[in-house]
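Asks: Before I ask anything, let me first share the structure, which is written out below as structure tokens.
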Amino acid sequence: MYRLAEDARALIEATANVTGETAKESRDRLVVTLERGKKLYGDLSEKAYDDALATDEAVSKYVYHAIGIVSGALLGYFTARRCGSSRQ
């Protein structure tokens with residue numbers, strides 16, 4: 001994603017001296033799209049951070065519940081895997 005934004009900005013700079021209404025409109029749309037993408041990335045990054053904090057708090061508050069859930073998930077995974085391989 002970061003590389004795409006860099007390439008788009010380089011394209012905008014490289015075509016800055018290109019005249020014509022179509023080129024200007026295309027550059028303007030690209031700038032708007034880059035700004036929207038930057039905002040979306042920031043929003044998603046902030047949400048991921050908030051969700052990670054909430055998960056950390058929940059696990060810290062309910063340690064034994066978390067251990068039980070993870071243990072059950074692992075037991076189920078290995079049991080299903082073992083049963084699946086014995087059928088073949």
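Residues in the structure tokens are numbered from 1 in each chain, the chains being A, B, ... in the order shown, and ligands are numbered from 1 in the order shown.
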Do you know which residues are at most 12 Å from stretch 4-12 of chain A counting only C-alpha atoms, after dropping those on the same chain fewer than 4 positions away, and could you put them as a ChimeraX atom specification?

Replies: /A:16-18,23-38,41

Asks: Distance atom CA of A:Tyr2-atom CA of A:Ser45, one decimal place?

Replies: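 Distance reported for this atom pair: 13.5 Å.
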
Asks: One number please: atom CA of A:Asp50 to atom CA of A:His65, in Å, one decimal.

Replies: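 These atoms are spaced 21.2 Å apart.
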
Asks: Which distance in Å separates atom CA of A:Asp51 and atom CA of A:Gly68, to one decimal?

Replies: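 Distance reported for this atom pair: 21.0 Å.
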
Asks: Just list the residues in stretch 2-36 of chain A DSSP gives helix (DSSP H, G or I) on the backbone, as a list in words.

Replies: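 Of stretch 2-36 of chain A, only Tyr2, Arg3, Leu4, Ala5, Glu6, Asp7, Ala8, Arg9, Ala10, Leu11, Ile12, Glu13, Ala14, Glu21, Thr22, Ala23, Lys24, Glu25, Ser26, Arg27, Asp28, Arg29, Leu30, Val31, Val32, Thr33, Leu34, Glu35 and Arg36 of chain A fall in helix (DSSP H, G or I).
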